[in-house]
Amino acid sequence: MTTTLDHLAPALSVRQVLTLERVLAGEPEVVAGAAQLDRAVRWVHVAEAADVGVMLSGGEMVLTTGVLLAGDEGAQAEYIQSLHRAEAAAVVLGLGRAFPAPPDVMRRAAERCGLPMVVLHRPFPFAELTEEVQSRLVRRKFAAVSLSEAVRTALTGLITAGAPLQRLLDEVAQHSACPVVVTNLAHRVLATAGERPAVDDVLRDWERIARQAGGTEGDGWIRAELGGRGERWGQILLCGYRGDTASGRLLADRAAEALVLHRMLGGNSAHTWEEQSAQSLLTDLVSGVVPARQLLPRARAAGLPVNRRTFVPLVVRDGDPAELDRVLRLLGLPGLVAELADGVTAVLLSLARDQDAAVLTANFAARLTQTVVAAADPRTAWDDVPAGMREAQHVADAVASGALDLPAVVRLKDVHLRGLIRLLRDDPYVQSFAERELDGLLCDSGPGEGLLAVLRTYLATGRNKSRTAQLHHVSRPALYRRLEAIQTRLGVDLDDFEQAASVHIALLAHDAQQS
């Protein structure tokens, strides 16, 4: 993506020119085209010739005394038409000997064309106006070049240093002093930067903003396309930029160039940015650091339906996030997918109130292979979603050690004692209890480890010797010898329910601590 500075050099509007102190000394009056005063003035040109239009390239404010037009109404009308065809920004007529009052023919023609026409009631040296406007335009152009190079240097340095996307956007937000939003082609928000309250205000109104995202820029809303090699995959928006529009476009274009380069060098894709957006949102939901109410605009802007919905928090162990997202799309289930930790992926489903959450969750789990799907009870209030996410994570943690005979979708009621021990695993009393009960096996890193595995299976199967022997691929007599060795080392009788329960609790606590 390349943009010429000549094209983007900040300009003054006609309105701004008319407020300059030197211009005010001439007592300017707008007599036509008042609705077009925000036109950009690219240059100032003094011209008396009737065919002035052939000397213009567009965007000029033309200054004239009309000395060659006096007495010829046809020439006056043609003069205005010529300026209009050349796309001049405005015409300024100095009243005096040629025209002591605004000429009606020129005024009417300018009004029909929508060309701003200004008359100066006091004598005014055009050279002063030309000098003033030209110097301001040059200074603005120099400032634009400086801004362009400063932004490009900063962003290039961050990319070279391997900075993440968020760091680049923070830099853009610092230069623009306004919220920055990156979206995909569906206008779903992938990333944001800027002052948090201002960003939240933008996201709260995102549905309206998204509908206008493809329209005409205005009121400081400036966008630049993201893409390359003939393919578009998103856009970056400066939301409420307070500087002049040309500088904002320049800044947005420099930011877009950096984001495209970041994607190319990092091997990233727009889909990866979607995953990062979902990961940030779900991580904040699980942690509870940010109140759920403050996260609602982010969820809505990310494309998650949130009005009158049933939310189903899930945590999937050993699942591929890309596969989980594919299954959601296949089933037509709206939701967010994000990897919270290595081998642990969060999924937040958003279902219509009349949909059966249990059935749809089971259908989702049935399409996955060799994974554990932990689910919390459905939530109908968004504020309850963080607690649900933590409940699902707790259930997933409780079955991390590989409990046997679990349903396809594991819930809190399915983890029983294992879930409670998981919650208490960091308690020093529980830790000392586990070490004391299992000391006879833990002190030996050789045979003790094998016996510990046998003990774990034996207790998990409800002390079923046949099942334990089958799972460890040993004969019944061999299993009996190992169980006798376990009882001798621990000094317990595993046929005694209370002693077996004590050892089982200690083993659950040990496994929870190790994981």
# chains A, B, ... in the order shown; residues from 1 in each chain; ligands from 1
>>> select_by_dssp(residues="segment 186-402 of chain A", states="strand (DSSP E or B)", output="number ranges by chain")
A: 189-193, 218, 221-228, 231-238, 309-317, 335-341, 344-352, 372-375, 379
>>> residues_around(residues="segment 229-245 of chain A", least_positions_apart="2", cutoff="7 Å", atoms="only C-alpha atoms", output="list of chain:residue names")
A:Pro10, A:Ser176, A:Cys178, A:Pro179, A:Val180, A:Val181, A:Val182, A:Thr183, A:Asn184, A:Leu185, A:Asp219, A:Gly220, A:Trp221, A:Ile222, A:Arg223, A:Ala224, A:Glu225, A:Leu226, A:Gly227, A:Ser247, A:Gly248, A:Arg249, A:Ala252, A:Ala256, A:Ala270
>>> residues_around(residues="Leu417 of chain A", least_positions_apart="5", cutoff="12 Å", atoms="only C-alpha atoms", output="VMD selection string")
chain A and resid 395 398 to 399 403 412 422 to 424 460 501 to 502 504 to 509 512
>>> write_last_selection(atoms="N, CA and C atoms", output="compact mmCIF listing (two decimals), in the first residue's frame")
# COMPACT_ATOMS: atom_id res chain seq x y z
N VAL A 395 -14.30 -27.93 36.52
CA VAL A 395 -14.68 -29.29 36.15
C VAL A 395 -13.61 -29.92 35.26
N ALA A 398 -10.71 -30.92 37.30
CA ALA A 398 -11.00 -32.07 38.17
C ALA A 398 -10.86 -33.40 37.43
N VAL A 399 -11.05 -33.41 36.13
CA VAL A 399 -10.94 -34.66 35.37
C VAL A 399 -9.62 -34.71 34.61
N ALA A 403 -10.02 -39.42 34.95
CA ALA A 403 -11.02 -40.26 35.62
C ALA A 403 -11.73 -41.14 34.60
N LEU A 412 -20.42 -30.42 36.87
CA LEU A 412 -19.97 -30.37 38.25
C LEU A 412 -20.42 -31.58 39.05
N ARG A 422 -9.88 -30.96 44.26
CA ARG A 422 -9.20 -30.05 43.35
C ARG A 422 -9.21 -28.62 43.90
N LEU A 423 -10.32 -28.25 44.53
CA LEU A 423 -10.41 -26.91 45.09
C LEU A 423 -9.50 -26.73 46.30
N LEU A 424 -9.27 -27.83 47.04
CA LEU A 424 -8.50 -27.76 48.28
C LEU A 424 -7.03 -28.15 48.11
N ALA A 460 -9.99 -45.97 41.31
CA ALA A 460 -10.87 -45.32 40.34
C ALA A 460 -11.94 -46.27 39.80
N ALA A 501 -10.85 -45.34 51.54
CA ALA A 501 -11.32 -43.98 51.24
C ALA A 501 -10.26 -42.95 51.59
N SER A 502 -9.58 -43.16 52.73
CA SER A 502 -8.53 -42.22 53.15
C SER A 502 -7.40 -42.20 52.13
N HIS A 504 -7.65 -43.05 48.99
CA HIS A 504 -8.17 -42.50 47.74
C HIS A 504 -8.16 -40.97 47.77
N ILE A 505 -8.59 -40.39 48.89
CA ILE A 505 -8.58 -38.94 49.02
C ILE A 505 -7.15 -38.40 48.94
N ALA A 506 -6.23 -39.08 49.60
CA ALA A 506 -4.83 -38.65 49.56
C ALA A 506 -4.29 -38.72 48.14
N LEU A 507 -4.66 -39.76 47.39
CA LEU A 507 -4.18 -39.90 46.02
C LEU A 507 -4.76 -38.82 45.11
N LEU A 508 -6.05 -38.51 45.31
CA LEU A 508 -6.67 -37.43 44.54
C LEU A 508 -5.98 -36.10 44.83
N ALA A 509 -5.66 -35.85 46.08
CA ALA A 509 -4.98 -34.61 46.45
C ALA A 509 -3.58 -34.57 45.85
N ALA A 512 -3.88 -33.86 42.14
CA ALA A 512 -4.27 -32.48 41.92
C ALA A 512 -3.08 -31.55 42.11
>>> residues_around(residues="Pro313 of chain A", least_positions_apart="6", cutoff="12 Å", atoms="only C-alpha atoms", output="short mmCIF file (atom, residue, chain, number, x, y, z; two decimals) with N, CA, C and O atoms, in the first residue's frame")
data_model
loop_
_atom_site.label_atom_id
_atom_site.label_comp_id
_atom_site.auth_asym_id
_atom_site.auth_seq_id
_atom_site.Cartn_x
_atom_site.Cartn_y
_atom_site.Cartn_z
N LEU A 282 -12.27 -13.91 26.54
CA LEU A 282 -12.57 -15.04 27.42
C LEU A 282 -11.63 -15.10 28.61
O LEU A 282 -12.03 -15.48 29.72
N LEU A 285 -12.96 -12.71 31.03
CA LEU A 285 -14.16 -13.26 31.66
C LEU A 285 -13.81 -14.26 32.76
O LEU A 285 -14.37 -14.23 33.86
N VAL A 286 -12.87 -15.16 32.47
CA VAL A 286 -12.49 -16.19 33.44
C VAL A 286 -11.81 -15.57 34.65
O VAL A 286 -12.08 -15.95 35.80
N GLY A 335 -20.75 -18.58 18.84
CA GLY A 335 -19.91 -18.74 20.02
C GLY A 335 -18.51 -18.21 19.79
O GLY A 335 -18.13 -17.88 18.67
N LEU A 336 -17.76 -18.14 20.88
CA LEU A 336 -16.36 -17.73 20.84
C LEU A 336 -15.50 -18.90 21.28
O LEU A 336 -15.87 -19.65 22.19
N VAL A 337 -14.34 -19.04 20.65
CA VAL A 337 -13.40 -20.12 20.97
C VAL A 337 -12.03 -19.49 21.20
O VAL A 337 -11.59 -18.65 20.42
N ALA A 338 -11.37 -19.91 22.30
CA ALA A 338 -10.04 -19.37 22.57
C ALA A 338 -9.27 -20.32 23.46
O ALA A 338 -9.83 -20.91 24.39
N THR A 345 -8.95 -25.21 26.14
CA THR A 345 -9.64 -24.25 25.27
C THR A 345 -11.01 -23.93 25.84
O THR A 345 -11.76 -24.83 26.21
N ALA A 346 -11.32 -22.65 25.91
CA ALA A 346 -12.62 -22.20 26.38
C ALA A 346 -13.55 -21.99 25.19
O ALA A 346 -13.12 -21.52 24.13
N VAL A 347 -14.81 -22.34 25.36
CA VAL A 347 -15.84 -22.13 24.35
C VAL A 347 -17.05 -21.52 25.05
O VAL A 347 -17.51 -22.04 26.07
N LEU A 348 -17.52 -20.41 24.53
CA LEU A 348 -18.73 -19.78 25.09
C LEU A 348 -19.80 -19.79 24.02
O LEU A 348 -19.70 -19.09 23.01
N LEU A 349 -20.83 -20.62 24.24
CA LEU A 349 -21.94 -20.70 23.30
C LEU A 349 -22.98 -19.64 23.65
O LEU A 349 -23.23 -19.35 24.83
N SER A 350 -23.61 -19.07 22.61
CA SER A 350 -24.70 -18.11 22.80
C SER A 350 -25.91 -18.65 22.05
O SER A 350 -25.95 -18.62 20.82
N LEU A 351 -26.89 -19.15 22.79
CA LEU A 351 -28.04 -19.82 22.19
C LEU A 351 -29.30 -19.01 22.39
O LEU A 351 -29.43 -18.24 23.36
N ALA A 357 -30.23 -26.26 25.44
CA ALA A 357 -28.80 -26.12 25.67
C ALA A 357 -28.13 -27.47 25.87
O ALA A 357 -27.02 -27.72 25.37
N ALA A 358 -28.78 -28.37 26.60
CA ALA A 358 -28.18 -29.68 26.89
C ALA A 358 -28.01 -30.49 25.61
O ALA A 358 -26.96 -31.12 25.39
N THR A 361 -25.28 -28.90 23.37
CA THR A 361 -23.95 -29.14 23.94
C THR A 361 -23.51 -30.57 23.69
O THR A 361 -22.35 -30.84 23.35
N VAL A 373 -15.02 -32.60 27.37
CA VAL A 373 -15.80 -31.38 27.32
C VAL A 373 -16.42 -31.15 28.69
O VAL A 373 -17.29 -31.91 29.12
N ALA A 374 -15.95 -30.12 29.37
CA ALA A 374 -16.49 -29.76 30.68
C ALA A 374 -17.46 -28.61 30.51
O ALA A 374 -17.14 -27.63 29.83
N ALA A 375 -18.64 -28.73 31.10
CA ALA A 375 -19.67 -27.71 30.90
C ALA A 375 -20.19 -27.22 32.24
O ALA A 375 -20.34 -27.99 33.19
N ALA A 376 -20.47 -25.93 32.28
CA ALA A 376 -21.16 -25.35 33.43
C ALA A 376 -22.64 -25.29 33.11
O ALA A 376 -23.06 -25.43 31.96
N ASP A 377 -23.45 -25.09 34.13
CA ASP A 377 -24.88 -24.92 33.90
C ASP A 377 -25.11 -23.68 33.05
O ASP A 377 -24.40 -22.67 33.20
N PRO A 378 -26.09 -23.70 32.15
CA PRO A 378 -26.37 -22.53 31.30
C PRO A 378 -26.68 -21.30 32.14
O PRO A 378 -27.27 -21.38 33.23
N ARG A 379 -26.30 -20.13 31.62
CA ARG A 379 -26.56 -18.85 32.26
C ARG A 379 -27.43 -18.01 31.34
O ARG A 379 -27.16 -17.91 30.15
N THR A 380 -28.45 -17.36 31.91
CA THR A 380 -29.28 -16.47 31.11
C THR A 380 -28.92 -15.00 31.33
O THR A 380 -29.39 -14.13 30.60
N TRP A 382 -25.80 -12.22 31.54
CA TRP A 382 -24.40 -12.04 31.15
C TRP A 382 -23.50 -11.91 32.37
O TRP A 382 -22.38 -12.39 32.37
N ASP A 384 -23.53 -13.47 34.99
CA ASP A 384 -23.24 -14.78 35.58
C ASP A 384 -22.26 -15.61 34.74
O ASP A 384 -21.85 -16.69 35.16
N VAL A 385 -21.92 -15.11 33.56
CA VAL A 385 -21.04 -15.88 32.67
C VAL A 385 -19.65 -16.11 33.26
O VAL A 385 -19.11 -17.22 33.16
N PRO A 386 -18.98 -15.11 33.89
CA PRO A 386 -17.66 -15.37 34.45
C PRO A 386 -17.66 -16.53 35.46
O PRO A 386 -16.76 -17.38 35.43
N ALA A 387 -18.66 -16.57 36.35
CA ALA A 387 -18.74 -17.68 37.30
C ALA A 387 -18.92 -19.00 36.57
O ALA A 387 -18.37 -20.04 36.97
N GLY A 388 -19.69 -18.98 35.47
CA GLY A 388 -19.89 -20.19 34.69
C GLY A 388 -18.60 -20.65 34.02
O GLY A 388 -18.30 -21.85 33.98
N MET A 389 -17.82 -19.70 33.50
CA MET A 389 -16.55 -20.06 32.87
C MET A 389 -15.61 -20.68 33.90
O MET A 389 -14.93 -21.67 33.62
N ARG A 390 -15.58 -20.12 35.11
CA ARG A 390 -14.71 -20.67 36.14
C ARG A 390 -15.20 -22.05 36.60
O ARG A 390 -14.39 -22.93 36.90
N GLU A 391 -16.51 -22.24 36.61
CA GLU A 391 -17.05 -23.56 36.97
C GLU A 391 -16.64 -24.61 35.93
O GLU A 391 -16.22 -25.72 36.29
N ALA A 392 -16.75 -24.26 34.66
CA ALA A 392 -16.36 -25.20 33.61
C ALA A 392 -14.86 -25.50 33.69
O ALA A 392 -14.44 -26.65 33.49
N GLN A 393 -14.07 -24.47 33.98
CA GLN A 393 -12.63 -24.69 34.11
C GLN A 393 -12.32 -25.60 35.31
O GLN A 393 -11.44 -26.47 35.23
N HIS A 394 -13.04 -25.41 36.39
CA HIS A 394 -12.86 -26.27 37.56
C HIS A 394 -13.20 -27.72 37.24
O HIS A 394 -12.47 -28.65 37.63
N VAL A 395 -14.30 -27.93 36.52
CA VAL A 395 -14.68 -29.29 36.15
C VAL A 395 -13.61 -29.92 35.26
O VAL A 395 -13.24 -31.08 35.44
N ALA A 396 -13.11 -29.13 34.30
CA ALA A 396 -12.06 -29.65 33.42
C ALA A 396 -10.80 -29.99 34.21
O ALA A 396 -10.15 -31.02 33.96
N VAL A 409 -20.19 -35.15 28.07
CA VAL A 409 -20.14 -33.79 28.62
C VAL A 409 -20.10 -33.91 30.13
O VAL A 409 -21.03 -34.42 30.76
N ARG A 411 -20.07 -32.47 33.90
CA ARG A 411 -20.56 -31.34 34.66
C ARG A 411 -20.10 -31.45 36.11
O ARG A 411 -19.49 -32.44 36.51
#
>>> closest_atom_pairs(of="segment 269-333 of chain A", to="segment 369-372 of chain A", cutoff="6 Å", atoms="only C-alpha atoms", output="CSV")
residue,atom,partner,partner_atom,distance
A:Val316,CA,A:Val372,CA,5.6
A:Arg317,CA,A:Val372,CA,5.2
A:Asp318,CA,A:Thr371,CA,5.5
A:Gly319,CA,A:Thr371,CA,5.9
>>> residues_around(residues="Arg107 of chain A", least_positions_apart="3", cutoff="6 Å", atoms="only C-alpha atoms", output="PyMOL selection string")
chain A and resi 32+104+110
>>> residues_around(residues="segment 87-91 of chain A", least_positions_apart="3", cutoff="8 Å", atoms="only C-alpha atoms", output="count of residues only")
19
>>> select_by_dssp(residues="segment 298-363 of chain A", states="helix (DSSP H, G or I)", output="list in words")
Arg298, Ala299, Arg300, Ala301, Pro321, Ala322, Glu323, Leu324, Asp325, Arg326, Val327, Leu328, Arg329, Leu330, Leu331, Ala357, Ala358, Val359, Leu360, Thr361, Ala362 and Asn363 of chain A
>>> write_last_selection(atoms="C-alpha atoms", output="PDB file, in the first residue's frame")
ATOM      1  CA  ARG A 298     -16.543  -6.086  23.532  1.00  0.00           C
ATOM      2  CA  ALA A 299     -18.520  -9.315  23.249  1.00  0.00           C
ATOM      3  CA  ARG A 300     -21.216  -7.666  21.143  1.00  0.00           C
ATOM      4  CA  ALA A 301     -18.665  -5.983  18.888  1.00  0.00           C
ATOM      5  CA  PRO A 321      -9.239 -24.520  18.709  1.00  0.00           C
ATOM      6  CA  ALA A 322      -9.473 -24.520  14.918  1.00  0.00           C
ATOM      7  CA  GLU A 323     -11.420 -27.787  14.985  1.00  0.00           C
ATOM      8  CA  LEU A 324     -13.718 -26.508  17.732  1.00  0.00           C
ATOM      9  CA  ASP A 325     -14.442 -23.369  15.733  1.00  0.00           C
ATOM     10  CA  ARG A 326     -15.103 -25.480  12.630  1.00  0.00           C
ATOM     11  CA  VAL A 327     -17.571 -27.670  14.546  1.00  0.00           C
ATOM     12  CA  LEU A 328     -19.406 -24.607  15.844  1.00  0.00           C
ATOM     13  CA  ARG A 329     -19.769 -23.268  12.315  1.00  0.00           C
ATOM     14  CA  LEU A 330     -20.867 -26.683  11.058  1.00  0.00           C
ATOM     15  CA  LEU A 331     -23.600 -26.866  13.694  1.00  0.00           C
ATOM     16  CA  ALA A 357     -28.796 -26.123  25.667  1.00  0.00           C
ATOM     17  CA  ALA A 358     -28.185 -29.678  26.886  1.00  0.00           C
ATOM     18  CA  VAL A 359     -28.957 -31.273  23.513  1.00  0.00           C
ATOM     19  CA  LEU A 360     -26.882 -28.783  21.535  1.00  0.00           C
ATOM     20  CA  THR A 361     -23.946 -29.136  23.937  1.00  0.00           C
ATOM     21  CA  ALA A 362     -24.142 -32.926  23.577  1.00  0.00           C
ATOM     22  CA  ASN A 363     -24.222 -32.602  19.770  1.00  0.00           C
TER      23      ASN A 363
END
>>> residues_around(residues="Glu78 of chain A", least_positions_apart="5", cutoff="9 Å", atoms="only C-alpha atoms", output="ChimeraX atom specification")
/A:50-51,73,83,106,109
>>> write_last_selection(atoms="C-alpha atoms", output="PDB file, in the first residue's frame")
ATOM      1  CA  ALA A  50     -12.307  34.796 -18.118  1.00  0.00           C
ATOM      2  CA  ASP A  51     -11.019  31.338 -19.080  1.00  0.00           C
ATOM      3  CA  GLU A  73     -22.850  39.318 -17.881  1.00  0.00           C
ATOM      4  CA  LEU A  83     -14.279  27.560 -12.046  1.00  0.00           C
ATOM      5  CA  MET A 106     -22.080  35.662 -10.709  1.00  0.00           C
ATOM      6  CA  ALA A 109     -24.407  31.119 -11.169  1.00  0.00           C
TER       7      ALA A 109
END
>>> atom_distance(atom1="atom CA of Leu155 of chain A", atom2="atom CA of Leu261 of chain A")
10.0 Å
>>> atom_distance(atom1="atom CA of Trp273 of chain A", atom2="atom CA of Leu158 of chain A")
17.5 Å
>>> atom_distance(atom1="atom CA of Leu168 of chain A", atom2="atom CA of Gln276 of chain A")
14.3 Å
